[in-house]
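As stored in structure-v8.tsv (TSV, C-alpha atoms and all ligand atoms):
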```tsv
chain	number	residue	atom	x	y	z
A	122	MET	CA	-12.41	17.96	21.28
A	123	SER	CA	-9.32	20.04	20.58
A	124	ARG	CA	-7.04	18.86	17.83
A	125	PRO	CA	-3.97	16.89	19.02
A	126	THR	CA	-0.54	18.42	18.45
A	127	VAL	CA	2.42	16.72	16.78
A	128	LEU	CA	4.01	15.98	20.13
A	129	GLU	CA	0.83	14.62	21.71
A	130	LEU	CA	0.25	12.26	18.78
A	131	LEU	CA	3.85	11.10	18.85
A	132	ARG	CA	3.55	10.22	22.54
A	133	LEU	CA	0.33	8.29	21.99
A	134	ALA	CA	1.66	6.40	18.98
A	135	THR	CA	4.94	5.57	20.71
A	136	GLY	CA	3.12	4.07	23.69
A	137	TYR	CA	0.86	2.04	21.41
A	138	LEU	CA	3.74	0.66	19.34
A	139	ARG	CA	5.69	-0.18	22.50
A	140	GLU	CA	2.73	-2.23	23.76
A	141	LYS	CA	2.69	-4.09	20.42
A	142	GLY	CA	6.33	-5.14	20.84
A	143	VAL	CA	7.83	-2.86	18.17
A	144	ALA	CA	11.59	-2.61	18.77
A	145	GLN	CA	12.05	1.13	18.17
A	146	PRO	CA	8.62	2.60	18.89
A	147	ARG	CA	9.61	6.28	19.10
A	148	LEU	CA	11.69	6.18	15.94
A	149	ASP	CA	8.95	4.43	13.98
A	150	ALA	CA	6.29	6.82	15.33
A	151	GLU	CA	8.39	9.77	14.14
A	152	VAL	CA	9.27	8.30	10.74
A	153	LEU	CA	5.64	7.46	10.04
A	154	LEU	CA	4.37	10.86	11.18
A	155	GLY	CA	6.95	12.52	8.95
A	156	HIS	CA	5.66	10.32	6.11
A	157	ALA	CA	2.00	11.13	6.86
A	158	LEU	CA	2.69	14.88	6.97
A	159	GLN	CA	5.29	14.77	4.16
A	160	MET	CA	7.75	16.42	6.48
A	161	GLU	CA	11.39	15.73	7.38
A	162	ARG	CA	11.61	14.04	10.78
A	163	ILE	CA	13.54	16.97	12.23
A	164	MET	CA	10.72	19.35	11.24
A	165	LEU	CA	8.37	17.48	13.59
A	166	TYR	CA	10.33	19.06	16.43
A	167	VAL	CA	10.29	22.49	14.86
A	168	HIS	CA	6.49	22.18	14.59
A	169	HIS	CA	5.94	20.13	17.76
A	170	ASP	CA	2.96	22.19	18.93
A	171	ARG	CA	1.20	22.33	15.57
A	172	PRO	CA	-2.37	20.94	15.84
A	173	LEU	CA	-3.14	18.26	13.26
A	174	GLU	CA	-6.06	18.33	10.86
A	175	PRO	CA	-8.58	15.47	11.28
A	176	HIS	CA	-7.63	13.95	7.90
A	177	GLU	CA	-3.94	13.98	8.91
A	178	VAL	CA	-4.80	12.16	12.13
A	179	ASP	CA	-6.74	9.57	10.10
A	180	VAL	CA	-3.84	8.89	7.76
A	181	TYR	CA	-1.45	8.57	10.69
A	182	ARG	CA	-3.81	6.37	12.69
A	183	THR	CA	-4.01	3.91	9.79
A	184	LEU	CA	-0.21	3.79	9.47
A	185	ILE	CA	0.26	3.25	13.21
A	186	ALA	CA	-2.39	0.51	13.29
A	187	ARG	CA	-0.57	-1.32	10.47
A	188	ARG	CA	2.80	-0.90	12.19
A	189	GLY	CA	1.15	-2.22	15.36
A	190	ARG	CA	0.34	-5.37	13.37
A	191	ARG	CA	4.09	-5.44	12.73
A	192	GLU	CA	4.06	-4.52	9.05
A	193	PRO	CA	7.60	-3.36	8.21
A	194	VAL	CA	8.16	0.40	8.08
A	195	ALA	CA	9.68	0.08	4.57
A	196	TYR	CA	6.43	-1.38	3.19
A	197	LEU	CA	4.41	1.37	4.88
A	198	MET	CA	6.68	4.03	3.39
A	199	GLY	CA	6.89	2.28	0.00
A	200	GLU	CA	10.62	2.79	-0.20
A	201	LYS	CA	13.98	1.91	1.30
A	202	GLU	CA	17.43	3.38	0.89
A	203	PHE	CA	20.26	1.19	-0.41
A	204	PHE	CA	23.79	2.33	-1.25
A	205	GLY	CA	22.68	5.98	-1.22
A	206	ARG	CA	19.68	5.53	-3.52
A	207	SER	CA	16.01	5.18	-2.75
A	208	PHE	CA	14.28	2.03	-4.03
A	209	GLN	CA	10.58	1.33	-4.41
A	210	VAL	CA	9.58	-1.63	-2.23
A	211	ASP	CA	6.34	-3.44	-1.46
A	212	PRO	CA	5.40	-6.94	-0.29
A	213	ARG	CA	6.29	-8.37	-3.72
A	214	VAL	CA	10.00	-7.99	-2.86
A	215	LEU	CA	12.45	-8.50	-0.04
A	216	ILE	CA	13.29	-5.25	1.77
A	217	PRO	CA	16.91	-4.30	0.95
A	218	ARG	CA	19.24	-4.93	3.89
A	219	PRO	CA	22.28	-2.76	4.69
A	220	GLU	CA	24.49	-5.91	4.87
A	221	THR	CA	23.94	-6.43	1.15
A	222	GLU	CA	25.84	-3.21	0.45
A	223	HIS	CA	28.96	-5.23	1.15
A	224	LEU	CA	28.27	-7.39	-1.92
A	225	VAL	CA	28.11	-4.18	-3.99
A	226	GLU	CA	31.50	-3.14	-2.63
A	227	VAL	CA	33.04	-6.52	-3.52
A	228	ALA	CA	31.60	-6.34	-7.06
A	229	LEU	CA	32.84	-2.75	-7.50
A	230	ALA	CA	36.32	-3.63	-6.28
A	231	PHE	CA	36.43	-6.29	-9.00
A	232	ALA	CA	34.84	-4.28	-11.80
A	233	ILE	CA	36.21	-0.75	-11.45
A	234	GLY	CA	38.88	-0.21	-14.09
A	235	GLU	CA	37.89	-3.39	-15.97
A	236	GLY	CA	36.17	-1.46	-18.78
A	237	PRO	CA	32.60	-2.23	-19.89
A	238	VAL	CA	31.69	-5.28	-17.80
A	239	ARG	CA	28.73	-7.60	-18.37
A	240	GLY	CA	27.16	-8.69	-15.12
A	241	TRP	CA	24.35	-10.92	-13.97
A	242	ASP	CA	22.19	-10.48	-10.85
A	243	VAL	CA	20.58	-13.81	-9.94
A	244	GLY	CA	17.43	-13.41	-7.83
A	245	THR	CA	17.24	-9.66	-8.34
A	246	GLY	CA	14.13	-9.00	-6.20
A	247	SER	CA	13.69	-5.21	-6.02
A	248	GLY	CA	16.67	-4.91	-8.39
A	249	ILE	CA	19.01	-3.27	-5.87
A	250	LEU	CA	22.14	-5.10	-7.03
A	251	ALA	CA	21.72	-4.77	-10.80
A	252	VAL	CA	20.43	-1.18	-10.54
A	253	THR	CA	23.12	-0.01	-8.09
A	254	LEU	CA	25.93	-1.65	-10.05
A	255	ALA	CA	24.62	-0.35	-13.38
A	256	ALA	CA	24.46	3.15	-11.87
A	257	GLU	CA	27.92	2.91	-10.30
A	258	LEU	CA	29.50	1.41	-13.45
A	259	PRO	CA	28.17	3.54	-16.32
A	260	ASP	CA	29.64	1.31	-19.07
A	261	SER	CA	28.24	-1.92	-17.65
A	262	HIS	CA	25.36	-4.04	-18.92
A	263	TRP	CA	23.29	-6.38	-16.76
A	264	LEU	CA	20.98	-9.33	-16.88
A	265	ALA	CA	18.68	-9.65	-13.87
A	266	THR	CA	16.69	-12.84	-13.32
A	267	ASP	CA	14.10	-13.87	-10.77
A	268	LEU	CA	11.55	-16.64	-10.33
A	269	SER	CA	8.98	-14.00	-9.43
A	270	ALA	CA	7.34	-11.94	-12.21
A	271	ASP	CA	5.95	-9.69	-9.46
A	272	ALA	CA	9.44	-8.93	-8.17
A	273	LEU	CA	10.69	-8.22	-11.69
A	274	ALA	CA	7.96	-5.57	-12.12
A	275	VAL	CA	9.33	-3.77	-9.05
A	276	ALA	CA	12.93	-4.18	-10.26
A	277	ARG	CA	12.01	-2.67	-13.65
A	278	ALA	CA	10.39	0.32	-11.92
A	279	ASN	CA	13.56	0.84	-9.89
A	280	ALA	CA	15.73	0.64	-13.02
A	281	GLU	CA	13.55	3.37	-14.59
A	282	ARG	CA	13.69	5.44	-11.43
A	283	HIS	CA	17.50	5.45	-11.53
A	284	GLY	CA	17.87	5.88	-15.28
A	285	VAL	CA	19.54	2.52	-15.99
A	286	ALA	CA	16.68	0.57	-17.60
A	287	ASP	CA	18.39	0.65	-21.00
A	288	ARG	CA	21.35	-1.32	-19.57
A	289	ILE	CA	19.48	-4.03	-17.67
A	290	ARG	CA	17.57	-6.91	-19.23
A	291	PHE	CA	15.06	-8.63	-16.95
A	292	LEU	CA	14.18	-12.29	-17.36
A	293	GLU	CA	11.75	-14.43	-15.40
A	294	GLY	CA	12.79	-17.96	-14.49
A	295	ASP	CA	14.83	-20.29	-12.32
A	296	LEU	CA	18.42	-19.07	-11.74
A	297	TRP	CA	19.59	-18.56	-15.38
A	298	ALA	CA	16.05	-18.45	-16.80
A	299	GLY	CA	16.83	-21.06	-19.44
A	300	THR	CA	19.88	-19.20	-20.81
A	301	LYS	CA	22.69	-21.48	-22.06
A	302	PRO	CA	26.05	-21.19	-20.30
A	303	ASP	CA	28.46	-19.52	-22.71
A	304	GLY	CA	31.51	-18.77	-20.55
A	305	SER	CA	31.30	-15.05	-21.34
A	306	TRP	CA	30.10	-13.19	-18.25
A	307	ASP	CA	32.50	-11.00	-16.26
A	308	LEU	CA	30.58	-10.99	-13.02
A	309	ILE	CA	27.73	-12.86	-11.32
A	310	VAL	CA	26.27	-11.47	-8.10
A	311	SER	CA	23.49	-12.93	-6.01
A	312	ASN	CA	21.76	-12.48	-2.71
A	313	PRO	CA	19.93	-15.82	-2.78
A	314	PRO	CA	17.35	-17.09	-0.29
A	315	TYR	CA	19.44	-18.70	2.44
A	316	LEU	CA	17.38	-19.14	5.62
A	317	THR	CA	17.11	-22.67	7.00
A	318	ASP	CA	13.79	-24.41	7.65
A	319	HIS	CA	14.43	-23.87	11.36
A	320	GLU	CA	15.00	-20.12	10.87
A	321	MET	CA	11.88	-19.93	8.68
A	322	ALA	CA	9.83	-21.43	11.51
A	323	HIS	CA	10.99	-18.72	13.92
A	324	LEU	CA	10.81	-15.53	11.89
A	325	ALA	CA	10.30	-12.14	13.54
A	326	PRO	CA	6.75	-10.89	12.87
A	327	GLU	CA	7.98	-8.23	10.41
A	328	ILE	CA	9.82	-10.76	8.24
A	329	ARG	CA	6.64	-12.82	7.81
A	330	TYR	CA	5.39	-10.01	5.56
A	331	GLU	CA	8.27	-10.62	3.12
A	332	PRO	CA	8.00	-13.12	0.24
A	333	ARG	CA	8.75	-16.64	1.41
A	334	GLN	CA	10.43	-17.38	-1.87
A	335	ALA	CA	12.96	-14.62	-1.16
A	336	LEU	CA	13.93	-16.14	2.18
A	337	ALA	CA	13.60	-19.93	2.27
A	338	GLY	CA	16.74	-21.88	1.36
A	339	GLY	CA	15.57	-25.38	2.33
A	340	PRO	CA	16.58	-27.57	5.29
A	341	ASP	CA	20.17	-26.25	5.57
A	342	GLY	CA	19.54	-22.94	3.79
A	343	LEU	CA	21.87	-23.91	0.95
A	344	GLN	CA	19.40	-25.30	-1.60
A	345	VAL	CA	19.71	-22.36	-4.02
A	346	ILE	CA	23.36	-21.58	-3.18
A	347	ARG	CA	24.40	-25.15	-4.02
A	348	ARG	CA	22.95	-24.92	-7.53
A	349	LEU	CA	24.27	-21.38	-7.98
A	350	VAL	CA	27.85	-22.45	-7.20
A	351	GLN	CA	27.69	-25.67	-9.25
A	352	GLN	CA	26.36	-23.86	-12.32
A	353	ALA	CA	27.70	-20.28	-12.26
A	354	TRP	CA	31.27	-21.07	-13.39
A	355	ALA	CA	30.07	-22.25	-16.81
A	356	PHE	CA	28.51	-18.81	-17.42
A	357	LEU	CA	31.65	-16.91	-16.35
A	358	ARG	CA	34.63	-16.13	-18.54
A	359	PRO	CA	37.95	-17.42	-17.17
A	360	GLY	CA	38.86	-14.95	-14.41
A	361	GLY	CA	35.22	-13.85	-14.04
A	362	LEU	CA	33.87	-13.37	-10.50
A	363	LEU	CA	31.07	-15.14	-8.65
A	364	ALA	CA	30.13	-13.28	-5.43
A	365	PHE	CA	27.11	-14.02	-3.28
A	366	GLU	CA	25.71	-13.24	0.16
A	367	ILE	CA	25.43	-15.89	2.87
A	368	GLY	CA	23.69	-16.27	6.21
A	369	ALA	CA	24.93	-17.05	9.71
A	370	GLY	CA	27.02	-20.20	10.00
A	371	GLN	CA	27.21	-20.89	6.24
A	372	ALA	CA	30.74	-19.66	5.48
A	373	GLU	CA	32.62	-22.97	5.72
A	374	ALA	CA	30.01	-24.99	3.85
A	375	CYS	CA	30.03	-22.40	1.06
A	376	ARG	CA	33.80	-22.23	0.83
A	377	GLN	CA	33.75	-26.01	0.49
A	378	LEU	CA	31.06	-25.92	-2.20
A	379	LEU	CA	33.26	-23.67	-4.32
A	380	ALA	CA	36.30	-25.86	-3.73
A	381	GLU	CA	34.38	-29.05	-4.61
A	382	ALA	CA	33.10	-27.53	-7.86
A	383	GLY	CA	36.77	-27.58	-8.97
A	384	GLN	CA	36.27	-24.55	-11.23
A	385	TYR	CA	37.03	-21.64	-8.91
A	386	GLU	CA	40.23	-20.10	-7.58
A	387	GLY	CA	40.92	-17.25	-5.17
A	388	ILE	CA	38.02	-18.47	-3.02
A	389	ARG	CA	37.37	-16.04	-0.17
A	390	VAL	CA	34.88	-15.36	2.59
A	391	LEU	CA	34.62	-11.66	3.43
A	392	PRO	CA	33.14	-10.16	6.60
A	393	ASP	CA	30.59	-7.33	6.60
A	394	HIS	CA	31.05	-4.13	8.61
A	395	ALA	CA	29.74	-5.90	11.72
A	396	GLY	CA	32.48	-8.55	11.32
A	397	HIS	CA	30.10	-11.38	10.27
A	398	PRO	CA	31.15	-13.58	7.32
A	399	ARG	CA	28.82	-12.20	4.65
A	400	VAL	CA	30.13	-12.56	1.10
A	401	VAL	CA	31.65	-15.64	-0.52
A	402	CYS	CA	33.49	-15.18	-3.79
A	403	GLY	CA	35.69	-16.98	-6.26
A	404	LEU	CA	37.09	-16.46	-9.76
A	405	ARG	CA	36.51	-18.93	-12.56
A	406	THR	CA	39.78	-20.75	-13.06
A	407	SER	CA	41.73	-19.93	-16.19
A	408	PRO	CA	42.62	-22.86	-18.45
B	501	LIG	C1	16.99	-12.71	-0.74
B	501	LIG	S1	16.03	-12.12	-2.11
B	501	LIG	C2	17.19	-10.94	-2.75
B	501	LIG	C3	16.58	-9.81	-3.49
B	501	LIG	C4	17.57	-8.69	-3.84
B	501	LIG	N1	18.62	-9.18	-4.70
B	501	LIG	C5	18.17	-8.13	-2.58
B	501	LIG	O1	19.38	-8.34	-2.35
B	501	LIG	O2	17.47	-7.46	-1.80
B	501	LIG	C6	16.14	-13.48	-3.20
B	501	LIG	C7	15.42	-13.32	-4.54
B	501	LIG	O3	15.68	-14.51	-5.30
B	501	LIG	C8	14.51	-14.96	-5.94
B	501	LIG	N2	14.66	-16.41	-6.12
B	501	LIG	C9	14.49	-17.39	-5.22
B	501	LIG	N3	14.78	-18.58	-5.76
B	501	LIG	C10	15.15	-18.34	-7.04
B	501	LIG	C11	15.56	-19.18	-8.13
B	501	LIG	N4	15.66	-20.50	-7.99
B	501	LIG	N5	15.84	-18.59	-9.31
B	501	LIG	C12	15.74	-17.24	-9.46
B	501	LIG	N6	15.37	-16.40	-8.47
B	501	LIG	C13	15.08	-16.95	-7.28
B	501	LIG	C14	13.38	-14.55	-5.02
B	501	LIG	O4	12.17	-14.44	-5.73
B	501	LIG	C15	13.91	-13.22	-4.47
B	501	LIG	O5	13.47	-12.14	-5.25
```
Final structure tokens representation of the file:
Amino acid sequence: MSRPTVLELLRLATGYLREKGVAQPRLDAEVLLGHALQMERIMLYVHHDRPLEPHEVDVYRTLIARRGRREPVAYLMGEKEFFGRSFQVDPRVLIPRPETEHLVEVALAFAIGEGPVRGWDVGTGSGILAVTLAAELPDSHWLATDLSADALAVARANAERHGVADRIRFLEGDLWAGTKPDGSWDLIVSNPPYLTDHEMAHLAPEIRYEPRQALAGGPDGLQVIRRLVQQAWAFLRPGGLLAFEIGAGQAEACRQLLAEAGQYEGIRVLPDHAGHPRVVCGLRTSP
């Protein structure tokens, strides 16, 4: 049998992925073929009539079969871009979402010009927040905590990859990992698990591959957020910022949580680029 060309394989793979319910079958077929051939996507069109070697077809077939089982593209590629940098990802960590870039922007708006800030990333996962902020703020130092030792291993690798490992300390444990509140931190950022039990019961097939612990926020989604808000102020210096990401329909409840804590001022809910309320923030009140 003659060897299939790039274009023939793309057509076959696209049809297969469409049958499996993949949302963007052509795009995924192209991205994965580019990955299999270690070629930019655009080069697939330059070489559209190139016949593939049998071993190349095998590699691609395996990738397409896994995508057909709805494994996320980012796990198949082993990386995902966030705020202009490429991060290592695998099923030990949540896949970085573009919405979370908004939290980076809020933190940068607070920290730029503040001098050498000390920041904390609670629930660091792949490390995107601590690593990005350490890279963007060259004088800053970070603590990154997570319940998952597996996630912290990925976060450490990403810190090495981006040359900021000497400015981030990683600690395993619940929220503050046993650290005593000392009222000294300039900035606390977090993208906590915030899906409700109902949302967890109706996840898209791709999201079922992601760690449950990174997603599940209890019956109303606010189980971790509630503790974060109640406890974070005692770690912050007066005027220090708490900023965290929220899910759909959580803005008012979160604004109220900050108000009820009685230790925050300048409480705000900020929309992401799609106009959805996405980041809640407040400053620790000054005495
Ligand atoms: C939504 S993921 C966010 C990961 C990463 N910061 C990001 O934005 O892509 C939440 C992370 O918080 C961690 N986590 C969940 N509950 C936690 C807790 N009580 N204390 C510390 N980390 C927690 C999970 O293991 C997961 O890595």
**OP:** Would you mind listing what lies within 12 Å of A:Pro193 as a ChimeraX atom specification, with all atoms listed in the file counted and same-chain residues fewer than 3 positions away left out?
**Re:** /A:143-145,149,153,184-190,196-201,210-212,215-217,325-331
Original post:
What gap, in Å, lies between atom CA of A:Val152 and atom CA of A:Met164?
Top reply: 11.2 Å
**OP:** Go through the chains and note each residue within 8 Å of ligand LIG 501 (chain B), using all atoms listed in the file, then give the set as number ranges by chain.
**Re:** A: 214-218, 221, 242-250, 266-269, 272, 293-298, 311-315, 332, 334-337, 345
**OP:** Counting all atoms listed in the file, note down every residue that has an atom within 8 Å of the point (39.0, -26.0, -14.3) (file coordinates), as a PyMOL selection string.
**Re:** chain A and resi 383-385+405-408
Please enclose the listed atoms of stretch 386-392 of chain A in an axis-aligned box, pad each side by 5 Å, and write out the centre and the three edge lengths in Å, rounded to one decimal, as JSON.
```
{"center_x": 37.0, "center_y": -15.1, "center_z": -0.5, "size_x": 17.8, "size_y": 19.9, "size_z": 24.2}
```
